[in-house]
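Undergrad: Have a peek at my_file-v4.cif (mmCIF, C-alpha atoms and all ligand atoms).
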```
data_query
#
loop_
_atom_site.group_PDB
_atom_site.id
_atom_site.type_symbol
_atom_site.label_atom_id
_atom_site.label_comp_id
_atom_site.auth_asym_id
_atom_site.auth_seq_id
_atom_site.Cartn_x
_atom_site.Cartn_y
_atom_site.Cartn_z
ATOM 1 C CA MET A 80 0.000 0.000 0.000
ATOM 2 C CA GLN A 81 1.066 3.595 -0.603
ATOM 3 C CA SER A 82 2.465 5.710 2.234
ATOM 4 C CA ILE A 83 0.202 8.405 3.600
ATOM 5 C CA ILE A 84 1.409 11.960 4.133
ATOM 6 C CA LEU A 85 -0.681 14.505 6.019
ATOM 7 C CA ALA A 86 0.238 17.925 4.614
ATOM 8 C CA SER A 87 -0.838 19.735 7.769
ATOM 9 C CA ALA A 88 0.431 21.307 10.975
ATOM 10 C CA SER A 89 -2.952 20.850 12.656
ATOM 11 C CA PRO A 90 -2.784 18.574 15.724
ATOM 12 C CA ARG A 91 -6.562 17.986 15.341
ATOM 13 C CA ARG A 92 -6.132 16.566 11.828
ATOM 14 C CA ALA A 93 -3.333 14.270 13.016
ATOM 15 C CA GLU A 94 -5.501 13.038 15.906
ATOM 16 C CA LEU A 95 -8.440 12.344 13.597
ATOM 17 C CA LEU A 96 -6.327 10.400 11.115
ATOM 18 C CA THR A 97 -4.816 8.425 13.996
ATOM 19 C CA GLN A 98 -8.345 7.672 15.235
ATOM 20 C CA ILE A 99 -9.139 5.662 12.095
ATOM 21 C CA GLY A 100 -5.950 3.609 12.301
ATOM 22 C CA VAL A 101 -4.127 5.048 9.291
ATOM 23 C CA PRO A 102 -0.324 5.156 9.663
ATOM 24 C CA PHE A 103 1.045 8.436 8.300
ATOM 25 C CA HIS A 104 3.785 11.062 8.425
ATOM 26 C CA THR A 105 3.119 14.763 8.674
ATOM 27 C CA ARG A 106 4.599 17.202 6.198
ATOM 28 C CA PRO A 107 3.272 20.706 6.987
ATOM 29 C CA VAL A 108 3.196 23.071 4.018
ATOM 30 C CA ASP A 109 3.081 26.837 3.847
ATOM 31 C CA ILE A 110 0.721 28.293 1.263
ATOM 32 C CA ASP A 111 -0.811 31.729 0.795
ATOM 33 C CA GLU A 112 -4.307 31.514 2.353
ATOM 34 C CA THR A 113 -5.577 34.883 1.036
ATOM 35 C CA PRO A 114 -8.969 34.519 -0.678
ATOM 36 C CA LEU A 115 -9.040 35.645 -4.319
ATOM 37 C CA GLY A 116 -11.307 38.602 -5.143
ATOM 38 C CA ASN A 117 -15.008 37.510 -5.082
ATOM 39 C CA GLU A 118 -14.026 33.883 -4.543
ATOM 40 C CA PRO A 119 -17.025 31.978 -3.104
ATOM 41 C CA PRO A 120 -16.201 30.304 0.263
ATOM 42 C CA SER A 121 -16.772 26.762 -1.055
ATOM 43 C CA VAL A 122 -14.403 27.388 -3.984
ATOM 44 C CA TYR A 123 -11.876 28.944 -1.594
ATOM 45 C CA VAL A 124 -11.732 26.013 0.861
ATOM 46 C CA GLU A 125 -11.531 23.466 -1.934
ATOM 47 C CA ARG A 126 -8.735 25.402 -3.639
ATOM 48 C CA LEU A 127 -6.761 25.630 -0.381
ATOM 49 C CA ALA A 128 -7.153 21.911 0.357
ATOM 50 C CA ARG A 129 -5.925 21.117 -3.157
ATOM 51 C CA GLU A 130 -3.002 23.563 -2.921
ATOM 52 C CA LYS A 131 -1.938 22.056 0.432
ATOM 53 C CA ALA A 132 -2.065 18.493 -0.954
ATOM 54 C CA VAL A 133 -0.195 19.411 -4.132
ATOM 55 C CA ALA A 134 2.421 21.448 -2.201
ATOM 56 C CA GLY A 135 3.063 18.408 0.009
ATOM 57 C CA ALA A 136 3.396 15.961 -2.884
ATOM 58 C CA ALA A 137 6.910 14.658 -3.492
ATOM 59 C CA ASP A 138 6.978 10.957 -4.287
ATOM 60 C CA PRO A 139 4.560 9.221 -6.729
ATOM 61 C CA GLY A 140 4.190 6.304 -4.271
ATOM 62 C CA GLU A 141 2.587 8.589 -1.677
ATOM 63 C CA ILE A 142 -0.952 9.738 -1.037
ATOM 64 C CA VAL A 143 -0.811 13.303 0.255
ATOM 65 C CA ILE A 144 -3.789 14.632 2.212
ATOM 66 C CA GLY A 145 -4.498 18.368 2.386
ATOM 67 C CA SER A 146 -7.458 19.921 4.146
ATOM 68 C CA ASP A 147 -8.916 23.324 4.889
ATOM 69 C CA THR A 148 -11.644 24.457 7.276
ATOM 70 C CA SER A 149 -13.438 27.816 7.221
ATOM 71 C CA VAL A 150 -16.418 29.104 9.155
ATOM 72 C CA VAL A 151 -18.884 30.900 6.896
ATOM 73 C CA LEU A 152 -21.499 33.317 8.186
ATOM 74 C CA GLY A 153 -23.825 35.078 5.756
ATOM 75 C CA GLY A 154 -21.356 34.424 2.935
ATOM 76 C CA ASP A 155 -18.395 35.872 4.873
ATOM 77 C CA ILE A 156 -15.351 33.680 5.491
ATOM 78 C CA LEU A 157 -14.304 33.702 9.157
ATOM 79 C CA GLY A 158 -10.797 32.303 9.279
ATOM 80 C CA LYS A 159 -8.469 32.190 12.257
ATOM 81 C CA PRO A 160 -8.595 35.361 14.392
ATOM 82 C CA MET A 161 -5.789 37.872 13.984
ATOM 83 C CA ASN A 162 -5.912 38.921 17.650
ATOM 84 C CA VAL A 163 -8.092 38.951 20.781
ATOM 85 C CA ALA A 164 -10.391 41.721 19.527
ATOM 86 C CA ASP A 165 -10.917 39.863 16.260
ATOM 87 C CA ALA A 166 -11.773 36.628 18.119
ATOM 88 C CA GLU A 167 -14.252 38.459 20.363
ATOM 89 C CA ALA A 168 -15.879 40.118 17.337
ATOM 90 C CA MET A 169 -16.226 36.787 15.493
ATOM 91 C CA LEU A 170 -17.826 35.093 18.503
ATOM 92 C CA GLY A 171 -20.192 38.051 18.875
ATOM 93 C CA ARG A 172 -21.294 37.524 15.277
ATOM 94 C CA LEU A 173 -21.754 33.759 15.754
ATOM 95 C CA SER A 174 -23.824 34.226 18.954
ATOM 96 C CA GLY A 175 -27.425 33.049 18.536
ATOM 97 C CA CYS A 176 -26.939 32.246 14.832
ATOM 98 C CA THR A 177 -26.483 29.301 12.514
ATOM 99 C CA HIS A 178 -23.288 29.249 10.478
ATOM 100 C CA GLN A 179 -21.689 26.823 8.079
ATOM 101 C CA VAL A 180 -18.398 25.059 8.618
ATOM 102 C CA MET A 181 -16.856 24.231 5.266
ATOM 103 C CA THR A 182 -14.100 21.651 5.232
ATOM 104 C CA ALA A 183 -12.500 20.426 2.041
ATOM 105 C CA ILE A 184 -10.137 17.529 1.734
ATOM 106 C CA ALA A 185 -7.842 16.774 -1.169
ATOM 107 C CA LEU A 186 -5.781 13.678 -1.917
ATOM 108 C CA ALA A 187 -2.848 14.119 -4.274
ATOM 109 C CA THR A 188 -1.601 10.842 -5.673
ATOM 110 C CA GLY A 189 0.067 9.691 -8.866
ATOM 111 C CA GLY A 190 -0.358 13.049 -10.615
ATOM 112 C CA GLN A 191 -4.084 13.345 -9.866
ATOM 113 C CA CYS A 192 -5.931 15.190 -7.103
ATOM 114 C CA LEU A 193 -9.249 13.978 -5.667
ATOM 115 C CA THR A 194 -11.287 16.466 -3.623
ATOM 116 C CA ARG A 195 -14.417 16.566 -1.468
ATOM 117 C CA LEU A 196 -16.232 19.451 0.158
ATOM 118 C CA VAL A 197 -18.210 18.877 3.361
ATOM 119 C CA ILE A 198 -20.605 21.520 4.671
ATOM 120 C CA THR A 199 -21.888 21.267 8.255
ATOM 121 C CA GLU A 200 -24.413 23.626 9.860
ATOM 122 C CA VAL A 201 -23.702 24.676 13.442
ATOM 123 C CA THR A 202 -26.085 26.687 15.631
ATOM 124 C CA PHE A 203 -24.775 28.661 18.605
ATOM 125 C CA ARG A 204 -26.916 29.664 21.551
ATOM 126 C CA ASP A 205 -26.792 33.304 22.650
ATOM 127 C CA LEU A 206 -23.410 34.160 24.178
ATOM 128 C CA CYS A 207 -22.936 36.969 26.700
ATOM 129 C CA PRO A 208 -19.992 39.390 26.417
ATOM 130 C CA GLU A 209 -18.439 38.186 29.689
ATOM 131 C CA GLU A 210 -18.282 34.566 28.583
ATOM 132 C CA ILE A 211 -16.904 35.578 25.186
ATOM 133 C CA ARG A 212 -14.120 37.487 26.950
ATOM 134 C CA ALA A 213 -13.412 34.571 29.314
ATOM 135 C CA TYR A 214 -13.370 32.124 26.412
ATOM 136 C CA VAL A 215 -10.995 34.202 24.320
ATOM 137 C CA ALA A 216 -8.751 34.698 27.389
ATOM 138 C CA SER A 217 -8.454 30.880 27.608
ATOM 139 C CA GLY A 218 -6.451 31.036 24.356
ATOM 140 C CA GLU A 219 -8.424 28.208 22.761
ATOM 141 C CA PRO A 220 -9.882 30.227 19.856
ATOM 142 C CA MET A 221 -6.624 31.666 18.561
ATOM 143 C CA ASP A 222 -5.610 28.901 16.129
ATOM 144 C CA LYS A 223 -9.110 27.940 15.031
ATOM 145 C CA ALA A 224 -11.350 28.984 12.173
ATOM 146 C CA GLY A 225 -14.275 31.056 13.455
ATOM 147 C CA SER A 226 -12.486 31.457 16.819
ATOM 148 C CA TYR A 227 -13.919 28.358 18.489
ATOM 149 C CA GLY A 228 -13.238 24.677 19.008
ATOM 150 C CA ILE A 229 -16.309 22.432 19.155
ATOM 151 C CA GLN A 230 -14.086 19.719 20.649
ATOM 152 C CA GLY A 231 -12.959 21.946 23.525
ATOM 153 C CA LEU A 232 -14.406 24.574 25.855
ATOM 154 C CA GLY A 233 -16.286 25.959 22.855
ATOM 155 C CA GLY A 234 -18.477 22.858 22.888
ATOM 156 C CA ILE A 235 -20.748 24.592 25.413
ATOM 157 C CA PHE A 236 -21.805 27.162 22.781
ATOM 158 C CA VAL A 237 -23.128 24.596 20.308
ATOM 159 C CA LYS A 238 -26.872 24.060 20.444
ATOM 160 C CA GLU A 239 -27.180 21.991 17.293
ATOM 161 C CA ILE A 240 -25.000 20.491 14.583
ATOM 162 C CA ARG A 241 -26.270 19.144 11.286
ATOM 163 C CA GLY A 242 -23.607 17.242 9.398
ATOM 164 C CA SER A 243 -20.162 15.921 10.197
ATOM 165 C CA TYR A 244 -18.623 16.531 13.645
ATOM 166 C CA SER A 245 -15.172 15.401 12.446
ATOM 167 C CA ALA A 246 -15.386 17.880 9.551
ATOM 168 C CA VAL A 247 -15.934 20.730 12.036
ATOM 169 C CA VAL A 248 -12.864 19.613 13.993
ATOM 170 C CA GLY A 249 -10.852 19.633 10.739
ATOM 171 C CA LEU A 250 -10.953 16.296 8.902
ATOM 172 C CA PRO A 251 -14.189 14.598 7.756
ATOM 173 C CA LEU A 252 -13.549 10.935 8.515
ATOM 174 C CA GLN A 253 -16.163 9.273 6.335
ATOM 175 C CA GLU A 254 -15.208 11.323 3.259
ATOM 176 C CA THR A 255 -11.471 10.925 3.921
ATOM 177 C CA ALA A 256 -11.860 7.132 4.048
ATOM 178 C CA THR A 257 -13.975 7.190 0.875
ATOM 179 C CA LEU A 258 -11.325 9.172 -1.015
ATOM 180 C CA LEU A 259 -8.561 6.911 0.323
ATOM 181 C CA ALA A 260 -10.487 3.885 -0.981
ATOM 182 C CA GLN A 261 -10.843 5.619 -4.375
ATOM 183 C CA ALA A 262 -7.077 6.112 -4.392
ATOM 184 C CA GLY A 263 -6.611 2.367 -3.835
ATOM 185 C CA TYR A 264 -6.172 2.524 -0.061
ATOM 186 C CA PRO A 265 -9.183 1.027 1.756
ATOM 187 C CA VAL A 266 -8.761 1.860 5.443
ATOM 188 C CA TRP A 267 -10.215 -1.475 6.570
ATOM 189 C CA LYS A 268 -7.309 -3.276 4.875
ATOM 190 C CA VAL A 269 -4.923 -1.531 7.252
ATOM 191 C CA TRP A 270 -6.986 -2.799 10.182
ATOM 192 C CA GLN A 271 -6.950 -6.289 8.687
ATOM 193 C CA ARG A 272 -3.169 -6.234 8.183
ATOM 194 C CA SER A 273 -2.439 -5.033 11.669
ATOM 195 C CA LEU A 274 -4.620 -7.854 13.092
ATOM 196 C CA GLU A 275 -2.798 -10.395 10.887
ATOM 197 C CA SER A 276 0.655 -9.189 11.969
ATOM 198 C CA HIS A 277 -0.494 -9.206 15.607
ATOM 199 C CA ASN A 278 -1.633 -12.833 15.293
ATOM 200 C CA GLU A 279 1.560 -14.067 13.606
HETATM 201 C C1 LIG B 301 -14.561 25.340 13.699
HETATM 202 C C2 LIG B 301 -13.370 24.619 14.245
HETATM 203 C C3 LIG B 301 -12.115 24.720 13.661
HETATM 204 N N1 LIG B 301 -11.053 24.054 14.181
HETATM 205 C C4 LIG B 301 -9.715 24.151 13.577
HETATM 206 C C5 LIG B 301 -9.422 23.078 12.510
HETATM 207 C C6 LIG B 301 -8.237 23.652 11.766
HETATM 208 O O1 LIG B 301 -7.031 23.200 12.416
HETATM 209 C C7 LIG B 301 -8.396 25.163 11.971
HETATM 210 C C8 LIG B 301 -8.695 25.850 10.657
HETATM 211 O O2 LIG B 301 -7.518 26.228 10.031
HETATM 212 P P1 LIG B 301 -6.944 25.596 8.697
HETATM 213 O O3 LIG B 301 -6.286 26.713 7.943
HETATM 214 O O4 LIG B 301 -7.990 24.788 8.004
HETATM 215 O O5 LIG B 301 -5.853 24.561 9.194
HETATM 216 P P2 LIG B 301 -4.530 24.768 10.037
HETATM 217 O O6 LIG B 301 -3.821 26.048 9.651
HETATM 218 O O7 LIG B 301 -4.852 24.600 11.509
HETATM 219 O O8 LIG B 301 -3.668 23.512 9.622
HETATM 220 P P3 LIG B 301 -3.044 23.159 8.156
HETATM 221 O O9 LIG B 301 -3.367 24.269 7.189
HETATM 222 O O10 LIG B 301 -1.557 23.030 8.387
HETATM 223 O O11 LIG B 301 -3.687 21.851 7.803
HETATM 224 O O12 LIG B 301 -9.496 25.355 12.877
HETATM 225 C C9 LIG B 301 -11.193 23.250 15.311
HETATM 226 O O13 LIG B 301 -10.216 22.658 15.789
HETATM 227 N N2 LIG B 301 -12.425 23.143 15.883
HETATM 228 C C10 LIG B 301 -13.534 23.781 15.424
HETATM 229 O O14 LIG B 301 -14.634 23.623 16.006
#
```
The structure given in the file should be rewritten as structure tokens.

TA:
Amino acid sequence: MQSIILASASPRRAELLTQIGVPFHTRPVDIDETPLGNEPPSVYVERLAREKAVAGAADPGEIVIGSDTSVVLGGDILGKPMNVADAEAMLGRLSGCTHQVMTAIALATGGQCLTRLVITEVTFRDLCPEEIRAYVASGEPMDKAGSYGIQGLGGIFVKEIRGSYSAVVGLPLQETATLLAQAGYPVWKVWQRSLESHNE
């Protein structure tokens, strides 16, 4: 089977890929994440996922996974906050509203690039200014799209989620496994092999 490379510096993505039993190496890449003029959010996240996967591609025997997550509110892309004030402003906008979390994944392998876009709807309850300040002071929002982490303290803001939890955290597991299978790497075969080598 091919070797898997995760073209990402995100600890959440590494944890999610570990969760499904896929052995991999990380190869973080640095790309320009500035949206193009009038670029729709869905096109933007898919382009970034593809650019990350392609930037991480080196060896034809590898499958390189790139991913991008953006929070989208009323058509606006809310990326990672620039500072505390930015994080507080984003959370103020998300309070009491439903937003979309768009996560794209891309698999670069053998000169081709397979992509998937996953859109999840997340509804926040009303947040008060004091709790927004306390949350931002915790530091958790600073490296996360939309300034929150559903998997962390930010979980208490989420009233409803419609779609993929793992996609909100950064890597949609079902779609990742489907693309890996399309690239000739069914995840269940890895489970099977590790059982076989354990029993030898
Ligand atoms: C909405 C949300 C985002 N996030 C994270 C996932 C991503 O790591 C981050 C979005 O930023 P990204 O630019 O998608 O990813 P990244 O810079 O962290 O990592 P890389 O580009 O190297 O792959 O926000 C959460 O952890 N929880 C959440 O609930």

Undergrad: To check your reading of the model: which residues sit at most 6 Å from ligand LIG 301 (chain B) when counting all atoms listed in the file? Write the answer as a PyMOL selection string.

TA: chain A and resi 87-89+91+107+146-148+223-225+227-229+247-249

Undergrad: Store the residues picked out above in a file with C-alpha atoms, as a compact mmCIF listing (two decimals), keeping the file's coordinate frame.

TA:
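Wrote again22.txt, looks like this:
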```
# COMPACT_ATOMS: atom_id res chain seq x y z
CA SER A 87 -0.84 19.74 7.77
CA ALA A 88 0.43 21.31 10.98
CA SER A 89 -2.95 20.85 12.66
CA ARG A 91 -6.56 17.99 15.34
CA PRO A 107 3.27 20.71 6.99
CA SER A 146 -7.46 19.92 4.15
CA ASP A 147 -8.92 23.32 4.89
CA THR A 148 -11.64 24.46 7.28
CA LYS A 223 -9.11 27.94 15.03
CA ALA A 224 -11.35 28.98 12.17
CA GLY A 225 -14.28 31.06 13.46
CA TYR A 227 -13.92 28.36 18.49
CA GLY A 228 -13.24 24.68 19.01
CA ILE A 229 -16.31 22.43 19.16
CA VAL A 247 -15.93 20.73 12.04
CA VAL A 248 -12.86 19.61 13.99
CA GLY A 249 -10.85 19.63 10.74
```

Undergrad: Using the chain letters and numbers from this file, what does the PyMOL selection byres (((chain A and resi 93) around 12) and not hetatm) select? Give the answer as a compact mmCIF listing (two decimals) with C-alpha atoms, in the coordinates of the input.

TA:
```txt
# COMPACT_ATOMS: atom_id res chain seq x y z
CA ILE A 83 0.20 8.40 3.60
CA ILE A 84 1.41 11.96 4.13
CA LEU A 85 -0.68 14.50 6.02
CA ALA A 86 0.24 17.92 4.61
CA SER A 87 -0.84 19.74 7.77
CA ALA A 88 0.43 21.31 10.98
CA SER A 89 -2.95 20.85 12.66
CA PRO A 90 -2.78 18.57 15.72
CA ARG A 91 -6.56 17.99 15.34
CA ARG A 92 -6.13 16.57 11.83
CA GLU A 94 -5.50 13.04 15.91
CA LEU A 95 -8.44 12.34 13.60
CA LEU A 96 -6.33 10.40 11.12
CA THR A 97 -4.82 8.43 14.00
CA GLN A 98 -8.35 7.67 15.24
CA ILE A 99 -9.14 5.66 12.10
CA GLY A 100 -5.95 3.61 12.30
CA VAL A 101 -4.13 5.05 9.29
CA PRO A 102 -0.32 5.16 9.66
CA PHE A 103 1.04 8.44 8.30
CA HIS A 104 3.78 11.06 8.43
CA THR A 105 3.12 14.76 8.67
CA ARG A 106 4.60 17.20 6.20
CA PRO A 107 3.27 20.71 6.99
CA ILE A 144 -3.79 14.63 2.21
CA GLY A 145 -4.50 18.37 2.39
CA SER A 146 -7.46 19.92 4.15
CA SER A 245 -15.17 15.40 12.45
CA VAL A 248 -12.86 19.61 13.99
CA GLY A 249 -10.85 19.63 10.74
CA LEU A 250 -10.95 16.30 8.90
CA LEU A 252 -13.55 10.94 8.52
```

Undergrad: So which residues get picked by the PyMOL selection byres (((chain A and resi 177) around 9) and not hetatm) here, written as a list in words?

TA: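 In the shown coordinates, the PyMOL selection byres (((chain A and resi 177) around 9) and not hetatm) covers Leu152, Leu173, Ser174, Gly175, Cys176, His178, Gln179, Glu200, Val201, Thr202, Phe203 and Glu239 of chain A.
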
Undergrad: List the spatial neighbours of A:Gly158 as a VMD selection string - criterion: any atom at most 12 Å away, only C-alpha atoms, same-chain residues fewer than 4 positions off excluded.

TA: chain A and resid 112 to 114 120 123 to 124 147 to 152 162 165 to 166 169 to 170 180 to 182 220 to 227

Undergrad: List the neighbours of A:Glu210 out to 12 Å using all atoms listed in the file; skip same-chain residues closer than 4 positions along the sequence, and give me the result as a count of residues only.

TA: 14

Undergrad: Compare A:Glu219, A:Glu254, A:Glu141, A:Asp109 by their minimum atom-to-atom distance to A:Gln81, counting only C-alpha atoms, and give me the closest one.

TA: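 Closest candidate: A:Glu141.
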
Undergrad: Expressed in Å to a single decimal, how great is the separation between atom CA of A:Val108 and atom CA of A:Val197?

TA: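 Interatomic distance, atom CA of A:Val108 to atom CA of A:Val197: 21.8 Å.
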
Undergrad: Report, in Å with one decimal, the straight-line distance from atom CA of A:Leu127 to atom CA of A:Ile110.

TA: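 For atom CA of A:Leu127 relative to atom CA of A:Ile110, the distance reads 8.1 Å.
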
Undergrad: Quick one: pull the distance between atom CA of A:Ala168 and atom CA of A:Leu115, Å, one decimal.

TA: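 According to the coordinates, atom CA of A:Ala168 and atom CA of A:Leu115 are separated by 23.1 Å.
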
Undergrad: Using all atoms listed in the file, can you tell me which of A:Leu274, A:Ala260, A:Met80, A:Ile142 comes closest to A:Gln191?

TA: A:Ile142

Undergrad: May I ask which of the residues A:Ser276, A:Val269, A:Arg126, A:Thr188 is the closest one to A:Ala256, counting only C-alpha atoms?

TA: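 The closest residue to A:Ala256 is A:Val269.
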